[in-house]
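Heads up, input_21.cif below (mmCIF, C-alpha atoms):
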```cif
data_target
loop_
_atom_site.label_atom_id
_atom_site.label_comp_id
_atom_site.auth_asym_id
_atom_site.auth_seq_id
_atom_site.Cartn_x
_atom_site.Cartn_y
_atom_site.Cartn_z
CA MET Q 78 10.59 20.69 -23.69
CA ILE Q 79 8.62 20.66 -20.41
CA HIS Q 80 6.85 17.46 -21.44
CA GLU Q 81 10.18 15.75 -22.23
CA ARG Q 82 11.62 16.90 -18.91
CA PHE Q 83 8.53 15.62 -17.07
CA ASN Q 84 8.77 12.19 -18.73
CA PHE Q 85 12.50 12.00 -18.04
CA LEU Q 86 12.05 12.91 -14.36
CA ARG Q 87 9.12 10.54 -13.97
CA GLN Q 88 11.07 7.64 -15.49
CA LEU Q 89 14.13 8.52 -13.37
CA ILE Q 90 12.06 8.45 -10.18
CA ILE Q 91 10.31 5.20 -11.12
CA SER Q 92 13.67 3.61 -11.94
CA THR Q 93 15.17 4.87 -8.67
CA VAL Q 94 12.25 3.49 -6.69
CA ALA Q 95 12.46 0.11 -8.43
CA LEU Q 96 16.23 -0.06 -7.90
CA ALA Q 97 15.95 0.90 -4.25
CA ALA Q 98 13.22 -1.66 -3.72
CA CYS Q 99 15.50 -4.35 -5.12
CA MET Q 100 18.20 -3.32 -2.64
CA MET Q 101 15.86 -3.40 0.35
CA THR Q 102 16.62 -5.68 3.24
CA VAL Q 103 14.49 -8.77 3.44
CA ALA Q 104 11.57 -7.96 5.70
CA HIS Q 105 8.13 -9.12 4.71
CA ALA Q 106 4.66 -8.63 6.06
CA GLU Q 107 3.97 -10.57 9.19
CA LYS Q 108 3.31 -14.13 8.11
CA ALA Q 109 1.12 -14.64 11.16
CA ASP Q 110 -1.38 -12.24 9.54
CA GLN Q 111 -2.32 -14.89 6.98
CA ASP Q 112 -3.81 -17.15 9.64
CA LYS Q 113 -5.70 -14.47 11.56
CA PRO Q 114 -9.46 -13.88 11.25
CA ILE Q 115 -10.81 -10.68 9.72
CA ILE Q 116 -12.56 -8.39 12.17
CA LEU Q 117 -14.96 -5.96 10.47
CA GLU Q 118 -16.52 -2.81 11.87
CA ALA Q 119 -18.75 -0.37 9.99
CA GLU Q 120 -21.99 1.48 10.36
CA LYS Q 121 -23.59 -1.03 7.97
CA VAL Q 122 -22.37 -4.54 7.05
CA SER Q 123 -23.99 -6.71 4.39
CA VAL Q 124 -22.94 -10.36 4.19
CA ASN Q 125 -23.51 -12.81 1.33
CA ASP Q 126 -22.20 -16.00 2.91
CA VAL Q 127 -22.87 -18.13 -0.20
CA GLN Q 128 -20.76 -15.94 -2.50
CA GLN Q 129 -18.37 -14.91 0.31
CA ILE Q 130 -18.87 -11.20 -0.38
CA TYR Q 131 -18.97 -8.60 2.38
CA GLU Q 132 -20.04 -4.99 1.81
CA LEU Q 133 -19.21 -2.31 4.37
CA ASP Q 134 -20.55 1.23 4.56
CA GLY Q 135 -19.67 4.07 6.94
CA GLU Q 136 -16.55 4.34 9.11
CA VAL Q 137 -15.03 1.08 7.89
CA LEU Q 138 -12.40 -0.58 10.07
CA LEU Q 139 -10.90 -3.88 8.96
CA THR Q 140 -8.37 -5.72 11.13
CA LYS Q 141 -6.53 -8.93 10.25
CA GLY Q 142 -3.60 -9.59 12.57
CA SER Q 143 -1.33 -6.56 12.23
CA ILE Q 144 -3.17 -5.32 9.11
CA LEU Q 145 -5.42 -2.32 9.68
CA ILE Q 146 -7.47 -0.79 6.84
CA THR Q 147 -9.84 2.16 7.27
CA GLY Q 148 -12.16 4.03 4.93
CA GLU Q 149 -15.74 5.03 4.24
CA LYS Q 150 -16.92 2.12 2.04
CA GLY Q 151 -15.51 -1.31 1.41
CA ASN Q 152 -15.92 -4.65 -0.29
CA ILE Q 153 -14.28 -7.91 0.66
CA LYS Q 154 -14.42 -11.05 -1.42
CA VAL Q 155 -13.06 -14.38 -0.21
CA ASP Q 156 -11.97 -16.88 -2.85
CA PRO Q 157 -12.50 -20.67 -2.51
CA GLU Q 158 -8.97 -21.04 -1.09
CA GLY Q 159 -9.82 -18.57 1.68
CA TYR Q 160 -7.80 -15.57 0.46
CA GLU Q 161 -9.33 -12.12 0.88
CA TYR Q 162 -9.50 -9.40 -1.75
CA VAL Q 163 -10.13 -6.07 -0.04
CA ASP Q 164 -11.22 -2.83 -1.71
CA VAL Q 165 -11.80 0.17 0.57
CA GLN Q 166 -12.59 3.73 -0.54
CA GLY Q 167 -12.30 7.01 1.29
CA ASN Q 168 -14.62 9.96 0.81
CA PRO Q 169 -14.01 13.58 -0.26
CA GLU Q 170 -13.18 14.59 3.34
CA SER Q 171 -10.84 11.70 4.22
CA THR Q 172 -8.76 9.06 2.49
CA ALA Q 173 -8.65 5.32 2.99
CA SER Q 174 -5.62 4.01 4.89
CA PHE Q 175 -3.52 0.86 5.29
CA ARG Q 176 -1.03 -0.17 7.98
CA GLN Q 177 0.82 -3.44 8.52
CA ARG Q 178 3.62 -4.57 10.80
CA ARG Q 179 6.51 -6.19 8.96
CA GLU Q 180 8.56 -9.19 9.95
CA GLY Q 181 12.24 -8.66 10.52
CA PRO Q 182 13.37 -5.57 12.39
CA ALA Q 183 11.20 -4.87 15.41
CA ASN Q 184 8.73 -2.01 15.14
CA GLU Q 185 8.80 -1.72 11.35
CA PHE Q 186 5.55 -0.87 9.54
CA MET Q 187 4.23 -0.10 6.07
CA GLN Q 188 1.67 2.69 6.21
CA GLY Q 189 -0.24 4.28 3.34
CA ARG Q 190 -3.16 6.44 2.27
CA GLY Q 191 -5.12 7.00 -0.91
CA GLN Q 192 -8.63 7.54 -2.18
CA THR Q 193 -8.76 3.77 -2.69
CA VAL Q 194 -6.87 1.00 -0.90
CA THR Q 195 -6.90 -2.48 -2.41
CA TYR Q 196 -5.17 -5.47 -0.88
CA ASN Q 197 -4.84 -8.97 -2.34
CA ALA Q 198 -4.04 -11.35 0.54
CA LYS Q 199 -3.03 -14.15 -1.84
CA THR Q 200 -0.33 -12.19 -3.67
CA GLU Q 201 0.26 -9.67 -0.84
CA LEU Q 202 -0.11 -6.82 -3.35
CA LEU Q 203 -1.19 -3.46 -1.94
CA THR Q 204 -2.42 -0.75 -4.31
CA LEU Q 205 -3.09 2.83 -3.22
CA THR Q 206 -4.83 5.02 -5.80
CA GLY Q 207 -5.64 8.74 -5.90
CA ASP Q 208 -3.16 11.12 -4.26
CA ALA Q 209 -1.40 8.08 -2.81
CA ASN Q 210 1.26 8.08 -0.12
CA LEU Q 211 3.19 5.05 1.21
CA LYS Q 212 5.77 5.06 4.01
CA ARG Q 213 8.06 2.49 5.55
CA LEU Q 214 8.49 3.31 9.23
CA HIS Q 215 10.96 1.99 11.80
CA ASN Q 216 10.32 2.96 15.44
CA MET Q 217 7.82 5.51 14.05
CA GLN Q 218 10.58 7.23 12.05
CA MET Q 219 10.16 7.39 8.30
CA LEU Q 220 12.71 5.38 6.32
CA ASP Q 221 11.13 5.54 2.87
CA GLN Q 222 8.27 7.55 1.45
CA LEU Q 223 6.55 7.42 -1.93
CA ARG Q 224 3.98 9.85 -3.34
CA GLY Q 225 2.07 9.72 -6.59
CA TRP Q 226 -1.27 9.08 -8.18
CA LYS Q 227 -1.01 5.26 -7.89
CA ILE Q 228 1.40 3.22 -5.76
CA GLU Q 229 1.74 -0.54 -5.95
CA TYR Q 230 3.64 -2.38 -3.25
CA ASP Q 231 4.40 -6.06 -3.72
CA ASP Q 232 5.47 -7.41 -0.34
CA VAL Q 233 6.59 -10.78 -1.70
CA LYS Q 234 8.92 -9.33 -4.35
CA GLN Q 235 9.79 -6.27 -2.24
CA TYR Q 236 8.88 -3.96 -5.11
CA TYR Q 237 7.39 -0.45 -5.21
CA ARG Q 238 5.97 1.22 -8.31
CA VAL Q 239 4.55 4.73 -8.67
CA SER Q 240 2.53 5.43 -11.81
CA PRO Q 241 0.16 8.03 -13.29
CA PRO Q 242 -3.33 7.31 -14.61
CA THR Q 243 -3.25 5.79 -18.10
CA ASP Q 244 -5.15 8.69 -19.69
CA ALA Q 245 -3.35 11.53 -17.86
CA LYS Q 246 -1.71 14.46 -19.58
CA ALA Q 247 1.78 15.27 -18.35
CA ASP Q 248 0.88 18.87 -17.46
CA ASP Q 249 -2.01 17.75 -15.23
CA LEU Q 250 0.03 15.55 -12.89
CA PRO Q 251 2.36 16.23 -10.02
CA LEU Q 252 5.67 14.42 -10.26
CA ALA Q 253 6.01 11.11 -8.51
CA ARG Q 254 8.28 11.55 -5.52
CA ALA Q 255 10.41 9.13 -3.51
CA ILE Q 256 12.51 9.59 -0.39
CA LEU Q 257 14.71 6.54 0.19
CA SER Q 258 16.94 5.94 3.22
CA PRO Q 259 20.35 4.30 2.90
CA ARG Q 260 20.39 0.54 3.40
CA ARG Q 261 23.60 0.30 5.41
CA LYS Q 262 23.58 -2.26 8.18
CA ALA Q 263 24.28 0.35 10.89
CA THR Q 264 21.26 2.40 9.78
CA LEU Q 265 18.92 -0.59 10.01
CA GLU Q 266 20.13 -1.65 13.46
CA LYS Q 267 19.39 1.69 15.15
#
```
If you convert what's in this file into structure tokens, what do you get?
Amino acid sequence: MIHERFNFLRQLIISTVALAACMMTVAHAEKADQDKPIILEAEKVSVNDVQQIYELDGEVLLTKGSILITGEKGNIKVDPEGYEYVDVQGNPESTASFRQRREGPANEFMQGRGQTVTYNAKTELLTLTGDANLKRLHNMQMLDQLRGWKIEYDDVKQYYRVSPPTDAKADDLPLARAILSPRRKATLEK
């Protein structure tokens, strides 16, 4: 009975999140970010210029336009087209984080945390894994918030998805949780 209730609630929340994401106003990541250089800071940086692989260790800070990613360790791979694939991990004391300004309404940001932050610059897919949390902020006020084990945010399709690990038992997991603000025009203009 508890297992059935858990699955029902989990599916209801995932469906609600997907539906709400479809109803979101059109506001994408800042397109200017795509043309900005990556600025890397860490205690240790290893560069393989031939393979276009960068390894970062200790107090990682990655900046690319309005994108800001922090963590303890990181890897960046650049494909032949010039798109970056970023993978940053936190440590037991602190999580990795992601923040990006969005186009559209002024002062709107996506901000998230997890044990691992991955970002694919080509597809604009952000994945937060391990006690993940993602917020959409407007003027530093939370509009939407997602919590779960794994959160995927597709900026191009304006789609959120919260999911458990594939091998998890229902009793071991907290429920995915979403707080979604109304999408009325008056709310967005404040």
Nearest to Q:Ala253 by atom-to-atom distance, counting all atoms listed in the file, from Q:Gly167, Q:Gly142, Q:Pro114, Q:Pro241: Q:Pro241
Nearest to Q:Ile115, chosen from Q:Gly135, Q:Pro157, Q:Val163, Q:Lys150, with only C-alpha atoms counted in the distances: Q:Val163
Residues returned when the PyMOL selection byres ((chain Q and resi 168) around 9) runs on this file, as JSON, numbers by chain: {"Q": [148, 149, 150, 166, 167, 169, 170, 171, 172, 173, 192]}
Distance query Q:Val122 at most 8 Å, all atoms listed in the file, self and fewer than 3 positions along chain excluded, as a list of chain:residue names: Q:Glu118, Q:Ala119, Q:Tyr131, Q:Glu132, Q:Leu133, Q:Asp134
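Of the listed residues (Q:Lys113, Q:Lys234, Q:Lys227, Q:Arg179), Q:Lys113 comes nearest to Q:Thr140; the distances count only C-alpha atoms.
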Once 8 Å is added on each side, what are the centre and the three edge lengths, in Å to one decimal, of the axis-aligned box enclosing the listed atoms of stretch 155-172 of chain Q? Present them as AutoDock Vina command-line options.
```
--center_x -11.2 --center_y -3.2 --center_z 0.7 --size_x 22.8 --size_y 51.6 --size_z 23.1
```
Output of the PyMOL selection byres ((chain Q and resi 188) around 7), listed as number ranges by chain: Q: 175-177, 186-187, 189, 211-213
Export C-alpha atoms of the chosen residues as a compact mmCIF listing (two decimals), in the frame of the given file?
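Output file result.txt is given in full below:
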```
# COMPACT_ATOMS: atom_id res chain seq x y z
CA PHE Q 175 -3.52 0.86 5.29
CA ARG Q 176 -1.03 -0.17 7.98
CA GLN Q 177 0.82 -3.44 8.52
CA PHE Q 186 5.55 -0.87 9.54
CA MET Q 187 4.23 -0.10 6.07
CA GLY Q 189 -0.24 4.28 3.34
CA LEU Q 211 3.19 5.05 1.21
CA LYS Q 212 5.77 5.06 4.01
CA ARG Q 213 8.06 2.49 5.55
```
Mind telling me what the PyMOL selection byres ((chain Q and resi 228) around 7) catches here, as a PDB file with C-alpha atoms, in the frame of the given file?
```pdb
ATOM      1  CA  THR Q 204      -2.420  -0.750  -4.310  1.00  0.00           C
ATOM      2  CA  LEU Q 205      -3.090   2.830  -3.220  1.00  0.00           C
ATOM      3  CA  THR Q 206      -4.830   5.020  -5.800  1.00  0.00           C
ATOM      4  CA  ALA Q 209      -1.400   8.080  -2.810  1.00  0.00           C
ATOM      5  CA  GLY Q 225       2.070   9.720  -6.590  1.00  0.00           C
ATOM      6  CA  TRP Q 226      -1.270   9.080  -8.180  1.00  0.00           C
ATOM      7  CA  LYS Q 227      -1.010   5.260  -7.890  1.00  0.00           C
ATOM      8  CA  GLU Q 229       1.740  -0.540  -5.950  1.00  0.00           C
ATOM      9  CA  TYR Q 230       3.640  -2.380  -3.250  1.00  0.00           C
ATOM     10  CA  ARG Q 238       5.970   1.220  -8.310  1.00  0.00           C
ATOM     11  CA  VAL Q 239       4.550   4.730  -8.670  1.00  0.00           C
ATOM     12  CA  SER Q 240       2.530   5.430 -11.810  1.00  0.00           C
TER      13      SER Q 240
END
```
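Residues in contact range of Q:Asp164, defined as at most 9 Å between only C-alpha atoms, with sequence neighbours fewer than 3 positions away removed, read Q:Lys150, Q:Gly151, Q:Asn152, Q:Ile153, Q:Lys154, Q:Thr193, Q:Val194, Q:Thr195, Q:Tyr196, Q:Asn197.
Separating atom CA of Q:Glu185 from atom CA of Q:Met217 is a distance of 7.8 Å.
Remark: for Q:Glu158, the closest of the candidate residues Q:Leu145, Q:Ile256, Q:Ala198, Q:Val137 is Q:Ala198 (distances computed over all atoms listed in the file).
For the set Q:Thr200, Q:Asn210, Q:Gln111, Q:Thr243, the residue with the smallest atom-to-atom gap to Q:Ser174 is Q:Asn210, counting only C-alpha atoms.
Between atom CA of Q:Arg224 and atom CA of Q:Ala255 there is a distance of 6.5 Å.
Nearest to Q:Ile116 of all the residues Q:Pro242, Q:Gln128, Q:Gln235, Q:Lys141 is Q:Lys141, counting only C-alpha atoms.
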Å distance separating atom CA of Q:Glu180 from atom CA of Q:Gly159, one decimal place: 22.2 Å
